[in-house]
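Student: Right, I'll just put the structure down here and ask away after.
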Amino acid sequence: MGISIKWDITYRCNLFCTHCIKGDQLSNTAKEPSLEEVKQIIDNLSEKKIDYIHLLGGEPTVRDDFIEILNYFDEKGIPFGLNTNGLLMGTDRMLNAVTSPKNFKNIIFSIEAPIAEVNDEMRGKAVFDKTISNLKKLIAYKKEKNYDHFYVTINTVISKTNMDYILPMINYCVELGVDELVLLQLIPEGNALDANITLSFDDELHLVNEIASVYSTVKDKLRIIPRFVRPLAVDYANEVLEQDFPDIEHGCNAGTEFACITNLGELYSCDRYMEATLKKNTPQDLSLIHKTFDEIWRKNEFTDIFSAINQESFYQNTDPCNSCKHLKVSCWPCPVELMNNIDDVYMMKSCIQYNKIIQEHHLKNDCEIIVTDKIIREVASDEEDYILFNTETFETISLNQEAYLIWNELRLMEQIQYNKAISSISDKYSFAFSYVKETIDSLINLNYLREKAT
């Protein structure tokens, strides 16, 4: 496995969004690398195993040499993608330049709502119509050329301003024919520092309920990536709401499989760890124009985060991480706040509340299941199905291979708690939570399993 890099290729921008995390840096462009220096950096990177580079800003397309940069990435065989507000994407020249490189993997349009009024409140007057027009041109161009080497994504940053439009946004993405919708948490930094539009936990919980209510009907049409929540939100949806929810992985690979490059060409393990890194280095020490990748990458500051989160004791005092099954499996919480002993970590407070709701639900609703396999006969009717026969009730049930696996798992359990059984079998076989629950309920209804209240 190689390295993924986020590169803020410029802090110039043709918008000034109310929630832009880089809003206070958009004028810091005086020393941005020239085209030749950008190529020098790409040459530098091409000597390493790079899995993917994603271009951000600012707005990458405002660089006069934007197309030349894309062509050079492709020439060097480096997989890449980009974020854009889409305003400059409408010409055939730009559409061809962006979509034709075979190493181009992903284009992300930033759209905050499916209607102009709400989107433009956040992104600027008359932005929505032009962005959507150019997005539709790109999707049509992709179909016309029969390109399948890249996918089209919409990013939506969720705040109090647009939270009531997330379900319509999901439907709109399906209608547009995009591949993916990424729902991002608003970070109260930059232009959003004092805006007071960050979601409360109740807001977040409401959105999880809404998304769970429609996910099963849209999941085959649209990938939804809910980055505004962490894996305990999936457990909440599965176990409390008894509904499917998009999988969530949140990983901190800073300094191992991830790095970031600023608009000035400086390399960091993470943009949230820049200040700490600059305490021990000058900007020139970190410049890919003046230093090789390895000269910078091997600095001690690039191992700080890796060293911290791989200590067994690092999360031992952090609730609920210290008892969470997702820790270092699908969730590696951002360690910077913990390294700096910041107590008010929103993510942790959110997880604590999910955990509390889930535990309270299990206390109210859990029951013990008893397998009545001593009175059950079974036969394999063919390679696909199995027939169970209850010798007391004379009921039969036909199970497909997946349902039979669930039945077998239940028989192997010495003591079965209803909710725990559903969760563990879902995890083991990657079955939908609702499918496992439906199968177990059917077995209970026909007395192949019996409930015993605890």
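Convention: chains lettered A, B, ... in structure tokens order; per-chain residue numbering from 1; ligands numbered from 1 as shown.
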Contacts of A:Ile406 at 8 Å or less, counting only C-alpha atoms, minus same-chain residues fewer than 4 places along, as a ChimeraX atom specification?

Tutor: /A:402,410,425,436,439-440

Student: Any chance you could tabulate, as JSON lines, the residues of stretch 297-372 of chain A at most 12 Å from stretch 193-216 of chain A with each one's nearest atom pair and distance in Å to one decimal, using only C-alpha atoms, in chain and rising number order?

Tutor:
```
{"residue": "A:Tyr346", "atom": "CA", "partner": "A:Phe201", "partner_atom": "CA", "distance": 9.0}
{"residue": "A:Met347", "atom": "CA", "partner": "A:Phe201", "partner_atom": "CA", "distance": 9.8}
{"residue": "A:Met348", "atom": "CA", "partner": "A:Phe201", "partner_atom": "CA", "distance": 11.2}
{"residue": "A:Lys349", "atom": "CA", "partner": "A:Phe201", "partner_atom": "CA", "distance": 8.6}
{"residue": "A:Ser350", "atom": "CA", "partner": "A:Phe201", "partner_atom": "CA", "distance": 6.3}
{"residue": "A:Cys351", "atom": "CA", "partner": "A:Phe201", "partner_atom": "CA", "distance": 9.7}
{"residue": "A:Ile352", "atom": "CA", "partner": "A:Phe201", "partner_atom": "CA", "distance": 10.6}
{"residue": "A:Gln353", "atom": "CA", "partner": "A:Phe201", "partner_atom": "CA", "distance": 8.2}
{"residue": "A:Tyr354", "atom": "CA", "partner": "A:Leu205", "partner_atom": "CA", "distance": 8.7}
{"residue": "A:Ile357", "atom": "CA", "partner": "A:Leu205", "partner_atom": "CA", "distance": 10.7}
```

Student: For the strand (DSSP E) assignment from backbone DSSP, which residues of stretch 75-170 of chain A qualify? Please present them as an NGL selection string.

Tutor: :A and (80-84 or 104-110 or 151-158)

Student: Please report the interatomic distance between atom CA of A:Gly265 and atom CA of A:Phe293 in Å with one decimal.

Tutor: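 Taking atom CA of A:Gly265 and atom CA of A:Phe293, their separation equals 11.1 Å.
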
Student: Which residues are near A:Pro60? Cut-off 9 Å, only C-alpha atoms, ignore same chain within fewer than 2 positions. Put them as a JSON list (two decimals) with N, CA and C atoms, in the first residue's frame.

Tutor:
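As a result, result.json now contains:
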```
[["chain", "number", "residue", "atom", "x", "y", "z"],
["A", 8, "ASP", "N", -3.59, 21.06, -1.43],
["A", 8, "ASP", "CA", -4.25, 22.35, -1.67],
["A", 8, "ASP", "C", -3.44, 23.07, -2.74],
["A", 9, "ILE", "N", -3.81, 22.89, -3.98],
["A", 9, "ILE", "CA", -2.99, 23.34, -5.11],
["A", 9, "ILE", "C", -2.99, 24.86, -5.24],
["A", 10, "THR", "N", -3.99, 25.54, -4.67],
["A", 10, "THR", "CA", -4.04, 27.01, -4.63],
["A", 10, "THR", "C", -5.02, 27.44, -3.56],
["A", 11, "TYR", "N", -4.81, 28.65, -3.01],
["A", 11, "TYR", "CA", -5.81, 29.25, -2.13],
["A", 11, "TYR", "C", -6.54, 30.39, -2.82],
["A", 12, "ARG", "N", -6.33, 30.51, -4.13],
["A", 12, "ARG", "CA", -7.18, 31.42, -4.89],
["A", 12, "ARG", "C", -8.55, 30.77, -5.07],
["A", 13, "CYS", "N", -9.59, 31.60, -5.12],
["A", 13, "CYS", "CA", -10.94, 31.04, -5.28],
["A", 13, "CYS", "C", -11.85, 32.09, -5.89],
["A", 55, "LEU", "N", -6.66, 16.98, -5.39],
["A", 55, "LEU", "CA", -6.40, 18.42, -5.49],
["A", 55, "LEU", "C", -7.58, 19.21, -4.92],
["A", 56, "LEU", "N", -7.24, 20.15, -4.01],
["A", 56, "LEU", "CA", -8.25, 21.02, -3.43],
["A", 56, "LEU", "C", -7.74, 22.45, -3.45],
["A", 57, "GLY", "N", -8.44, 23.33, -2.72],
["A", 57, "GLY", "CA", -8.02, 24.72, -2.65],
["A", 57, "GLY", "C", -8.58, 25.36, -1.40],
["A", 58, "GLY", "N", -9.04, 26.62, -1.61],
["A", 58, "GLY", "CA", -9.29, 27.31, -2.86],
["A", 58, "GLY", "C", -10.05, 26.49, -3.90],
["A", 62, "VAL", "N", -9.04, 27.59, -10.97],
["A", 62, "VAL", "CA", -8.71, 29.00, -11.26],
["A", 62, "VAL", "C", -7.24, 29.18, -11.63],
["A", 63, "ARG", "N", -6.42, 28.17, -11.39],
["A", 63, "ARG", "CA", -5.02, 28.27, -11.82],
["A", 63, "ARG", "C", -4.97, 28.27, -13.36],
["A", 66, "PHE", "N", -3.89, 24.97, -14.78],
["A", 66, "PHE", "CA", -4.61, 23.83, -14.22],
["A", 66, "PHE", "C", -4.59, 22.62, -15.16],
["A", 82, "LEU", "N", -10.06, 15.60, -7.91],
["A", 82, "LEU", "CA", -10.11, 16.99, -7.47],
["A", 82, "LEU", "C", -11.48, 17.38, -6.94],
["A", 83, "ASN", "N", -11.48, 18.41, -6.10],
["A", 83, "ASN", "CA", -12.69, 19.11, -5.68],
["A", 83, "ASN", "C", -12.87, 20.35, -6.52],
["A", 84, "THR", "N", -14.12, 20.70, -6.79],
["A", 84, "THR", "CA", -14.39, 21.92, -7.54],
["A", 84, "THR", "C", -15.75, 22.48, -7.18]]
```

Student: If we count only C-alpha atoms and set the cut-off at 6 Å, which residues sit around stretch 224-235 of chain A, ignoring sequence neighbours fewer than 2 positions away in its own chain? Please answer as a PyMOL selection string.

Tutor: chain A and resi 180-185+237-239+245+248

Student: Grab the residues selected above and save them as a PDB file, in the first residue's frame with N, CA and C atoms.

Tutor:
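See out-v3.pdb below for the written result:
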```pdb
ATOM      1  N   GLU A 180     -21.970   9.182  -6.054  1.00  0.00           N
ATOM      2  CA  GLU A 180     -21.675   9.186  -4.620  1.00  0.00           C
ATOM      3  C   GLU A 180     -22.081  10.520  -4.001  1.00  0.00           C
ATOM      4  N   LEU A 181     -22.595  10.464  -2.775  1.00  0.00           N
ATOM      5  CA  LEU A 181     -22.872  11.660  -1.982  1.00  0.00           C
ATOM      6  C   LEU A 181     -22.107  11.545  -0.670  1.00  0.00           C
ATOM      7  N   VAL A 182     -21.237  12.509  -0.418  1.00  0.00           N
ATOM      8  CA  VAL A 182     -20.473  12.541   0.828  1.00  0.00           C
ATOM      9  C   VAL A 182     -21.059  13.637   1.713  1.00  0.00           C
ATOM     10  N   LEU A 183     -21.487  13.253   2.904  1.00  0.00           N
ATOM     11  CA  LEU A 183     -22.080  14.186   3.861  1.00  0.00           C
ATOM     12  C   LEU A 183     -21.037  14.510   4.921  1.00  0.00           C
ATOM     13  N   LEU A 184     -20.596  15.761   4.937  1.00  0.00           N
ATOM     14  CA  LEU A 184     -19.478  16.177   5.780  1.00  0.00           C
ATOM     15  C   LEU A 184     -19.946  16.949   7.004  1.00  0.00           C
ATOM     16  N   GLN A 185     -19.187  16.814   8.070  1.00  0.00           N
ATOM     17  CA  GLN A 185     -19.431  17.600   9.277  1.00  0.00           C
ATOM     18  C   GLN A 185     -18.853  18.998   9.092  1.00  0.00           C
ATOM     19  N   ALA A 237     -28.399   2.904  14.406  1.00  0.00           N
ATOM     20  CA  ALA A 237     -29.401   2.669  13.362  1.00  0.00           C
ATOM     21  C   ALA A 237     -29.782   1.192  13.288  1.00  0.00           C
ATOM     22  N   ASN A 238     -28.771   0.313  13.339  1.00  0.00           N
ATOM     23  CA  ASN A 238     -29.017  -1.129  13.231  1.00  0.00           C
ATOM     24  C   ASN A 238     -29.773  -1.684  14.430  1.00  0.00           C
ATOM     25  N   GLU A 239     -29.343  -1.302  15.626  1.00  0.00           N
ATOM     26  CA  GLU A 239     -29.826  -1.958  16.827  1.00  0.00           C
ATOM     27  C   GLU A 239     -31.036  -1.273  17.446  1.00  0.00           C
ATOM     28  N   PHE A 245     -27.891   1.189   7.525  1.00  0.00           N
ATOM     29  CA  PHE A 245     -27.275   2.513   7.467  1.00  0.00           C
ATOM     30  C   PHE A 245     -25.937   2.357   6.745  1.00  0.00           C
ATOM     31  N   ILE A 248     -19.442   3.079   7.865  1.00  0.00           N
ATOM     32  CA  ILE A 248     -18.605   4.243   8.156  1.00  0.00           C
ATOM     33  C   ILE A 248     -17.214   3.763   8.552  1.00  0.00           C
TER      34      ILE A 248
END
```

Student: Set the distance at 7 Å and use only C-alpha atoms: which residues neighbour stretch 162-177 of chain A once local chain neighbours fewer than 3 positions away are removed? I'd like the list as JSON, numbers by chain.

Tutor: {"A": [112, 113, 114, 118, 158, 159, 211, 221, 222]}

Student: Keeping N, CA and C atoms, export the residues of the selection given above as a PDB file, in the first residue's frame.

Tutor:
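Final output, part-v4.pdb:
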```pdb
ATOM      1  N   GLU A 112     -24.526  22.370  -1.596  1.00  0.00           N
ATOM      2  CA  GLU A 112     -24.999  22.298  -0.211  1.00  0.00           C
ATOM      3  C   GLU A 112     -26.486  22.007  -0.066  1.00  0.00           C
ATOM      4  N   ALA A 113     -27.243  22.077  -1.147  1.00  0.00           N
ATOM      5  CA  ALA A 113     -28.686  21.803  -1.076  1.00  0.00           C
ATOM      6  C   ALA A 113     -29.205  21.619  -2.500  1.00  0.00           C
ATOM      7  N   PRO A 114     -30.369  20.980  -2.631  1.00  0.00           N
ATOM      8  CA  PRO A 114     -30.916  20.731  -3.972  1.00  0.00           C
ATOM      9  C   PRO A 114     -31.722  21.906  -4.526  1.00  0.00           C
ATOM     10  N   VAL A 118     -31.162  27.845  -0.784  1.00  0.00           N
ATOM     11  CA  VAL A 118     -30.358  27.396   0.363  1.00  0.00           C
ATOM     12  C   VAL A 118     -28.885  27.280  -0.022  1.00  0.00           C
ATOM     13  N   ILE A 158     -22.823  19.633   6.124  1.00  0.00           N
ATOM     14  CA  ILE A 158     -24.097  19.765   6.835  1.00  0.00           C
ATOM     15  C   ILE A 158     -23.977  20.768   7.980  1.00  0.00           C
ATOM     16  N   SER A 159     -24.911  21.699   8.010  1.00  0.00           N
ATOM     17  CA  SER A 159     -24.984  22.692   9.080  1.00  0.00           C
ATOM     18  C   SER A 159     -26.455  22.939   9.388  1.00  0.00           C
ATOM     19  N   ILE A 211     -31.874   9.491   7.377  1.00  0.00           N
ATOM     20  CA  ILE A 211     -31.100   8.744   6.376  1.00  0.00           C
ATOM     21  C   ILE A 211     -31.407   7.251   6.477  1.00  0.00           C
ATOM     22  N   LYS A 221     -28.632   2.662  -5.791  1.00  0.00           N
ATOM     23  CA  LYS A 221     -28.580   3.719  -6.798  1.00  0.00           C
ATOM     24  C   LYS A 221     -27.525   4.769  -6.502  1.00  0.00           C
ATOM     25  N   LEU A 222     -27.128   4.875  -5.223  1.00  0.00           N
ATOM     26  CA  LEU A 222     -26.240   5.959  -4.805  1.00  0.00           C
ATOM     27  C   LEU A 222     -25.423   5.521  -3.597  1.00  0.00           C
TER      28      LEU A 222
END
```
